[in-house]
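Notes follow once the structure below has been shown.
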Amino acid sequence: NFVEAITILISITIFLSLKNNKKIIRILSIALILAVSFTAGINAYYSVNNHPSWKFPFPGSAASITNVFKVPNYFENLGLYLHKSAGYNNVVILPVDAGFSGAFYYNGTGEAANVDPLDDFFLGEELSVVYSSPMVTNLVYFPSNNITNFANYLALLGVKYVILNTASFPGPGAVAKPWWPYPGAYPWNYTAFEYYLNKTPNLTFVKSFGPFLVYKVNPNVPLVYISNGIPANYTPTQIFWLYSTGKLHALQFSIIDNLSAPLCNNVSVNSVNSSFETISNDIYVGHVDAKSNYYLILAQGYSNFWQIEINGTRVNVPHYSANGFANAWYMPPGKYYIRIINSYHYEYIETFLLSLAGLLVLIILCILAKRFNYM
């Protein structure tokens, strides 16, 4: 697409820059644009309708993943369901993968992609690849008899929905564990996954789409919330077991990944009243009425690009990593309006203005070319 766009721009430039043989230049330029457009259309049609089968060395199966561009109805319906329901919350897909995301084969059709197309249907993140974060890597511990409050850990990650892909293959990419100690467990079938998901407190099966079983975390799962804070130097694995066994309650107690951070253990609905709204993936707003200090948690990847504004003014408050991945700010008491914004947001605006300036320059060049008889 980039090459085709550049070709079209070059043809337009030639069209505008030469005033001799204007009729011939017009014809050649128009012919070039039509040829490039026709080629792009043929290429897209061929890709959608005639993509060759892909064969992968799936253990125990000679099946091939055929025509990844023909999207099965159940896959599209699952995406539309997530679009309506998941919003800005994250979605976990089990079993988690080591490389590829979302590889499956079901009723003659399948999909394998480094970036799962389901990402396009909701505004949060898909948590399914272990190398994306140590907090996602922890999901390989599920299922297990030792995990007693899996939904609590999901809430910590900002997850509202869990999808069990019962047609997933154990490779390439997927975390194959033939030594898994549970009868019927992955990678041979998914009865152990279903069994443990169905018995997990605060997790409810809601719907199936082909091979995909969808579960919903019952409590509200906010991405921004008020919390107590416990300074500690825990590994992601230790954090996983603290929350997945219910020793710490997600959304009420957060691990502050800095031993020098202040301890905060007196936050409650009586001491801090708050409400927050998600505007976009990079803007969150809310009102707070706090009688004491508290930790403000944003369940998005920690970064210094996240900024805090109080009553419209950017403030410099202590900013920490929390829960192995999230952002935490140690906030002062008071009654005020808060805005959390990623500074990249301003770059989006600048980029848009730059693109708009390019269009305006092109329009001005066209006007000048016509005025000085170049067209």
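Residues in the structure tokens are numbered from 1 in each chain, the chains being A, B, ... in the order shown, and ligands are numbered from 1 in the order shown.
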Could you find all residues in segment 73-296 of chain A that DSSP calls alpha helix (DSSP H) from the backbone, and write them as a ChimeraX atom specification? /A:73-85,134-137,150-156,191-199,236-244
May I have the residues within 7 Å of segment 203-205 of chain A as a list in words, using only C-alpha atoms and disregarding those fewer than 4 positions away in the same chain?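 Listed by chain and then number, they are Ala151, Asn198, Val214, Tyr215, Lys216, Val217 and Asn218 of chain A.
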Selected residues written out, all heavy atoms, as a PDB file, in the first residue's frame:
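Saved to part-v1.pdb:
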ATOM      1  N   ALA A 151     -10.499 -15.421  39.524  1.00  0.00           N
ATOM      2  CA  ALA A 151     -11.165 -14.180  39.108  1.00  0.00           C
ATOM      3  C   ALA A 151     -10.560 -12.967  39.799  1.00  0.00           C
ATOM      4  O   ALA A 151     -10.559 -11.858  39.249  1.00  0.00           O
ATOM      5  CB  ALA A 151     -12.662 -14.259  39.390  1.00  0.00           C
ATOM      6  N   ASN A 198     -15.373 -23.448  35.343  1.00  0.00           N
ATOM      7  CA  ASN A 198     -16.761 -23.548  35.802  1.00  0.00           C
ATOM      8  C   ASN A 198     -16.876 -23.520  37.326  1.00  0.00           C
ATOM      9  O   ASN A 198     -17.916 -23.120  37.860  1.00  0.00           O
ATOM     10  CB  ASN A 198     -17.407 -24.828  35.259  1.00  0.00           C
ATOM     11  CG  ASN A 198     -17.695 -24.737  33.767  1.00  0.00           C
ATOM     12  OD1 ASN A 198     -17.938 -23.656  33.238  1.00  0.00           O
ATOM     13  ND2 ASN A 198     -17.646 -25.860  33.078  1.00  0.00           N
ATOM     14  N   VAL A 214     -16.966 -18.591  26.392  1.00  0.00           N
ATOM     15  CA  VAL A 214     -16.768 -17.252  26.938  1.00  0.00           C
ATOM     16  C   VAL A 214     -17.231 -17.215  28.391  1.00  0.00           C
ATOM     17  O   VAL A 214     -18.355 -17.621  28.711  1.00  0.00           O
ATOM     18  CB  VAL A 214     -17.524 -16.192  26.117  1.00  0.00           C
ATOM     19  CG1 VAL A 214     -17.273 -14.799  26.690  1.00  0.00           C
ATOM     20  CG2 VAL A 214     -17.098 -16.252  24.654  1.00  0.00           C
ATOM     21  N   TYR A 215     -16.348 -16.718  29.276  1.00  0.00           N
ATOM     22  CA  TYR A 215     -16.637 -16.565  30.695  1.00  0.00           C
ATOM     23  C   TYR A 215     -16.496 -15.090  31.078  1.00  0.00           C
ATOM     24  O   TYR A 215     -15.644 -14.380  30.546  1.00  0.00           O
ATOM     25  CB  TYR A 215     -15.677 -17.402  31.543  1.00  0.00           C
ATOM     26  CG  TYR A 215     -15.828 -18.891  31.354  1.00  0.00           C
ATOM     27  CD1 TYR A 215     -15.231 -19.533  30.259  1.00  0.00           C
ATOM     28  CD2 TYR A 215     -16.553 -19.663  32.258  1.00  0.00           C
ATOM     29  CE1 TYR A 215     -15.362 -20.905  30.080  1.00  0.00           C
ATOM     30  CE2 TYR A 215     -16.682 -21.035  32.084  1.00  0.00           C
ATOM     31  CZ  TYR A 215     -16.090 -21.645  30.993  1.00  0.00           C
ATOM     32  OH  TYR A 215     -16.217 -22.992  30.818  1.00  0.00           O
ATOM     33  N   LYS A 216     -17.315 -14.670  32.027  1.00  0.00           N
ATOM     34  CA  LYS A 216     -17.325 -13.270  32.445  1.00  0.00           C
ATOM     35  C   LYS A 216     -16.976 -13.157  33.926  1.00  0.00           C
ATOM     36  O   LYS A 216     -17.474 -13.924  34.757  1.00  0.00           O
ATOM     37  CB  LYS A 216     -18.712 -12.660  32.212  1.00  0.00           C
ATOM     38  CG  LYS A 216     -18.850 -11.201  32.620  1.00  0.00           C
ATOM     39  CD  LYS A 216     -20.268 -10.708  32.374  1.00  0.00           C
ATOM     40  CE  LYS A 216     -20.435  -9.254  32.799  1.00  0.00           C
ATOM     41  NZ  LYS A 216     -21.827  -8.778  32.577  1.00  0.00           N
ATOM     42  N   VAL A 217     -16.094 -12.212  34.243  1.00  0.00           N
ATOM     43  CA  VAL A 217     -15.784 -11.909  35.637  1.00  0.00           C
ATOM     44  C   VAL A 217     -16.959 -11.130  36.212  1.00  0.00           C
ATOM     45  O   VAL A 217     -17.320 -10.062  35.701  1.00  0.00           O
ATOM     46  CB  VAL A 217     -14.481 -11.102  35.753  1.00  0.00           C
ATOM     47  CG1 VAL A 217     -14.187 -10.775  37.209  1.00  0.00           C
ATOM     48  CG2 VAL A 217     -13.315 -11.873  35.140  1.00  0.00           C
ATOM     49  N   ASN A 218     -17.574 -11.655  37.273  1.00  0.00           N
ATOM     50  CA  ASN A 218     -18.833 -11.092  37.770  1.00  0.00           C
ATOM     51  C   ASN A 218     -18.708  -9.706  38.390  1.00  0.00           C
ATOM     52  O   ASN A 218     -19.494  -8.815  38.068  1.00  0.00           O
ATOM     53  CB  ASN A 218     -19.465 -12.054  38.782  1.00  0.00           C
ATOM     54  CG  ASN A 218     -19.932 -13.341  38.130  1.00  0.00           C
ATOM     55  OD1 ASN A 218     -20.235 -13.365  36.942  1.00  0.00           O
ATOM     56  ND2 ASN A 218     -19.973 -14.418  38.896  1.00  0.00           N
TER      57      ASN A 218
END
Identify, on the basis of only C-alpha atoms, every residue whose closest approach to segment 80-95 of chain A does not exceed 8 Å; exclude the query and any residue fewer than 3 positions from it along the same chain; express the result as a ChimeraX atom specification. /A:76-77,102,121-128,140,157-165,168,174-175,186,221-223,278,280-281
Which residues, written as a PDB file with all heavy atoms, in the first residue's frame, have at least one atom at most 8 Å from Gln300 of chain A, with only C-alpha atoms counted and residues fewer than 6 positions away on the same chain left out?
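Printed below is out_8.pdb as written:
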ATOM      1  N   LEU A 223     -10.714   0.047  35.430  1.00  0.00           N
ATOM      2  CA  LEU A 223      -9.325   0.215  35.022  1.00  0.00           C
ATOM      3  C   LEU A 223      -8.625   1.287  35.848  1.00  0.00           C
ATOM      4  O   LEU A 223      -7.402   1.328  35.924  1.00  0.00           O
ATOM      5  CB  LEU A 223      -9.252   0.569  33.532  1.00  0.00           C
ATOM      6  CG  LEU A 223      -9.759  -0.514  32.574  1.00  0.00           C
ATOM      7  CD1 LEU A 223      -9.725  -0.013  31.137  1.00  0.00           C
ATOM      8  CD2 LEU A 223      -8.942  -1.787  32.706  1.00  0.00           C
ATOM      9  N   PHE A 325       2.886  -4.447  37.028  1.00  0.00           N
ATOM     10  CA  PHE A 325       2.723  -3.895  35.685  1.00  0.00           C
ATOM     11  C   PHE A 325       2.038  -2.532  35.660  1.00  0.00           C
ATOM     12  O   PHE A 325       2.234  -1.755  34.721  1.00  0.00           O
ATOM     13  CB  PHE A 325       1.879  -4.857  34.834  1.00  0.00           C
ATOM     14  CG  PHE A 325       0.396  -4.794  35.122  1.00  0.00           C
ATOM     15  CD1 PHE A 325      -0.457  -4.104  34.283  1.00  0.00           C
ATOM     16  CD2 PHE A 325      -0.135  -5.408  36.246  1.00  0.00           C
ATOM     17  CE1 PHE A 325      -1.815  -4.033  34.542  1.00  0.00           C
ATOM     18  CE2 PHE A 325      -1.481  -5.358  36.515  1.00  0.00           C
ATOM     19  CZ  PHE A 325      -2.330  -4.664  35.668  1.00  0.00           C
ATOM     20  N   ALA A 326       1.230  -2.209  36.648  1.00  0.00           N
ATOM     21  CA  ALA A 326       0.330  -1.062  36.570  1.00  0.00           C
ATOM     22  C   ALA A 326       0.991   0.233  37.042  1.00  0.00           C
ATOM     23  O   ALA A 326       2.161   0.257  37.458  1.00  0.00           O
ATOM     24  CB  ALA A 326      -0.933  -1.340  37.383  1.00  0.00           C
ATOM     25  N   ASN A 327       0.228   1.322  36.990  1.00  0.00           N
ATOM     26  CA  ASN A 327       0.665   2.627  37.467  1.00  0.00           C
ATOM     27  C   ASN A 327      -0.005   2.934  38.806  1.00  0.00           C
ATOM     28  O   ASN A 327      -1.189   2.620  39.000  1.00  0.00           O
ATOM     29  CB  ASN A 327       0.276   3.728  36.469  1.00  0.00           C
ATOM     30  CG  ASN A 327       0.985   3.592  35.141  1.00  0.00           C
ATOM     31  OD1 ASN A 327       2.053   4.160  34.930  1.00  0.00           O
ATOM     32  ND2 ASN A 327       0.398   2.829  34.228  1.00  0.00           N
TER      33      ASN A 327
END
Nearest to Gly286 of chain A among A:Phe240, A:Phe142, A:Tyr302, A:Tyr336, with distances taken over only C-alpha atoms: which residue is it?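 The closest residue to Gly286 of chain A is A:Tyr336.
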How many Å separate atom CA of Phe212 of chain A from atom CA of Glu194 of chain A?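 Straight-line distance from atom CA of Phe212 of chain A to atom CA of Glu194 of chain A works out to 11.2 Å.
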I need the strand (DSSP E) residues of segment 192-354 of chain A per DSSP on the backbone, written as a ChimeraX atom specification. /A:203-209,212-217,224-231,253-256,272-280,283-290,294-298,306-310,313-315,319-322,326-331,334-342
For the residues in the current selection, export C-alpha atoms as a PDB file, in the first residue's frame.
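Final output, saved to out.pdb:
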ATOM      1  CA  LEU A 203     -16.564 -16.308  37.041  1.00  0.00           C
ATOM      2  CA  THR A 204     -19.647 -17.219  34.984  1.00  0.00           C
ATOM      3  CA  PHE A 205     -19.983 -19.027  31.678  1.00  0.00           C
ATOM      4  CA  VAL A 206     -22.030 -16.765  29.392  1.00  0.00           C
ATOM      5  CA  LYS A 207     -21.914 -18.080  25.823  1.00  0.00           C
ATOM      6  CA  SER A 208     -20.151 -20.289  23.288  1.00  0.00           C
ATOM      7  CA  PHE A 209     -19.145 -19.390  19.741  1.00  0.00           C
ATOM      8  CA  PHE A 212     -14.756 -20.603  21.927  1.00  0.00           C
ATOM      9  CA  LEU A 213     -16.265 -20.706  25.418  1.00  0.00           C
ATOM     10  CA  VAL A 214     -16.768 -17.252  26.938  1.00  0.00           C
ATOM     11  CA  TYR A 215     -16.637 -16.565  30.695  1.00  0.00           C
ATOM     12  CA  LYS A 216     -17.325 -13.270  32.445  1.00  0.00           C
ATOM     13  CA  VAL A 217     -15.784 -11.909  35.637  1.00  0.00           C
ATOM     14  CA  VAL A 224      -8.889   3.195  37.388  1.00  0.00           C
ATOM     15  CA  TYR A 225      -9.573   2.852  41.093  1.00  0.00           C
ATOM     16  CA  ILE A 226      -8.646   3.934  44.616  1.00  0.00           C
ATOM     17  CA  SER A 227      -6.581   1.470  46.622  1.00  0.00           C
ATOM     18  CA  ASN A 228      -4.504   0.786  49.671  1.00  0.00           C
ATOM     19  CA  GLY A 229      -0.817   0.316  48.900  1.00  0.00           C
ATOM     20  CA  ILE A 230       1.710  -2.146  50.323  1.00  0.00           C
ATOM     21  CA  PRO A 231       5.362  -1.453  49.425  1.00  0.00           C
ATOM     22  CA  PHE A 253      -4.938  -3.743  48.186  1.00  0.00           C
ATOM     23  CA  SER A 254      -2.164  -3.092  45.668  1.00  0.00           C
ATOM     24  CA  ILE A 255       1.484  -4.121  45.714  1.00  0.00           C
ATOM     25  CA  ILE A 256       3.634  -1.011  45.242  1.00  0.00           C
ATOM     26  CA  VAL A 272     -12.302   8.230  49.975  1.00  0.00           C
ATOM     27  CA  ASN A 273     -15.269   8.751  47.677  1.00  0.00           C
ATOM     28  CA  SER A 274     -14.503   8.541  43.948  1.00  0.00           C
ATOM     29  CA  SER A 275     -15.936   7.991  40.476  1.00  0.00           C
ATOM     30  CA  PHE A 276     -14.040   7.563  37.207  1.00  0.00           C
ATOM     31  CA  GLU A 277     -14.836   7.427  33.517  1.00  0.00           C
ATOM     32  CA  THR A 278     -12.807   6.089  30.591  1.00  0.00           C
ATOM     33  CA  ILE A 279     -12.677   8.592  27.737  1.00  0.00           C
ATOM     34  CA  SER A 280     -10.207   6.653  25.601  1.00  0.00           C
ATOM     35  CA  ILE A 283      -7.491   9.535  28.861  1.00  0.00           C
ATOM     36  CA  TYR A 284      -9.327   8.803  32.122  1.00  0.00           C
ATOM     37  CA  VAL A 285     -11.241  11.365  34.187  1.00  0.00           C
ATOM     38  CA  GLY A 286     -12.858  11.346  37.614  1.00  0.00           C
ATOM     39  CA  HIS A 287     -13.823  13.134  40.805  1.00  0.00           C
ATOM     40  CA  VAL A 288     -12.332  12.394  44.212  1.00  0.00           C
ATOM     41  CA  ASP A 289     -13.300  13.465  47.719  1.00  0.00           C
ATOM     42  CA  ALA A 290     -10.594  12.104  50.037  1.00  0.00           C
ATOM     43  CA  TYR A 294      -4.532   7.093  48.958  1.00  0.00           C
ATOM     44  CA  TYR A 295      -3.089   5.285  45.942  1.00  0.00           C
ATOM     45  CA  LEU A 296      -4.630   5.936  42.551  1.00  0.00           C
ATOM     46  CA  ILE A 297      -4.206   2.826  40.370  1.00  0.00           C
ATOM     47  CA  LEU A 298      -4.333   2.692  36.577  1.00  0.00           C
ATOM     48  CA  TRP A 306       1.263   8.824  32.048  1.00  0.00           C
ATOM     49  CA  GLN A 307       0.579  12.219  33.620  1.00  0.00           C
ATOM     50  CA  ILE A 308      -1.782  13.406  36.371  1.00  0.00           C
ATOM     51  CA  GLU A 309      -3.806  16.634  36.194  1.00  0.00           C
ATOM     52  CA  ILE A 310      -5.703  17.990  39.191  1.00  0.00           C
ATOM     53  CA  THR A 313      -3.239  21.628  36.176  1.00  0.00           C
ATOM     54  CA  ARG A 314      -0.508  19.048  35.668  1.00  0.00           C
ATOM     55  CA  VAL A 315       0.956  18.030  39.022  1.00  0.00           C
ATOM     56  CA  HIS A 319       4.492   7.758  40.609  1.00  0.00           C
ATOM     57  CA  TYR A 320       5.244   4.051  41.107  1.00  0.00           C
ATOM     58  CA  SER A 321       4.894   0.736  39.356  1.00  0.00           C
ATOM     59  CA  ALA A 322       2.217  -1.415  41.003  1.00  0.00           C
ATOM     60  CA  ALA A 326       0.330  -1.062  36.570  1.00  0.00           C
ATOM     61  CA  ASN A 327       0.665   2.627  37.467  1.00  0.00           C
ATOM     62  CA  ALA A 328       0.191   3.953  41.003  1.00  0.00           C
ATOM     63  CA  TRP A 329       0.199   7.545  42.239  1.00  0.00           C
ATOM     64  CA  TYR A 330       0.328   8.490  45.907  1.00  0.00           C
ATOM     65  CA  MET A 331      -2.371  11.141  46.000  1.00  0.00           C
ATOM     66  CA  GLY A 334      -8.892  16.840  49.190  1.00  0.00           C
ATOM     67  CA  LYS A 335     -11.822  17.303  46.840  1.00  0.00           C
ATOM     68  CA  TYR A 336     -10.796  17.693  43.211  1.00  0.00           C
ATOM     69  CA  TYR A 337     -11.173  16.700  39.578  1.00  0.00           C
ATOM     70  CA  ILE A 338      -8.568  14.264  38.190  1.00  0.00           C
ATOM     71  CA  ARG A 339      -7.472  13.604  34.638  1.00  0.00           C
ATOM     72  CA  ILE A 340      -5.009  10.837  33.750  1.00  0.00           C
ATOM     73  CA  ILE A 341      -3.554  11.362  30.300  1.00  0.00           C
ATOM     74  CA  ASN A 342      -0.785   9.773  28.287  1.00  0.00           C
TER      75      ASN A 342
END
From A:Pro333, A:Pro143, A:Gly108, A:Gly79, residue lying nearest Ser271 of chain A [only C-alpha atoms]: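 Under the stated criterion, the closest residue is A:Pro333.
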Tell me which protein, DNA and RNA residues are within 10 Å of Gln238 of chain A, counting only C-alpha atoms, leaving out same-chain ones fewer than 5 positions away, and put them as a list of chain:residue names. A:Asn138, A:Asn233, A:Tyr243, A:Ser244, A:Gly324
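Of the listed residues A:Trp241, A:Phe305, A:Tyr131, A:Phe104, the one whose atoms come nearest to Ser343 of chain A is A:Phe305, with distances taken using only C-alpha atoms.
Between Pro211 of chain A and the candidates A:Leu263, A:Leu154, A:Ala167, A:Leu78, the tightest atom-to-atom separation, counting only C-alpha atoms, involves A:Ala167.
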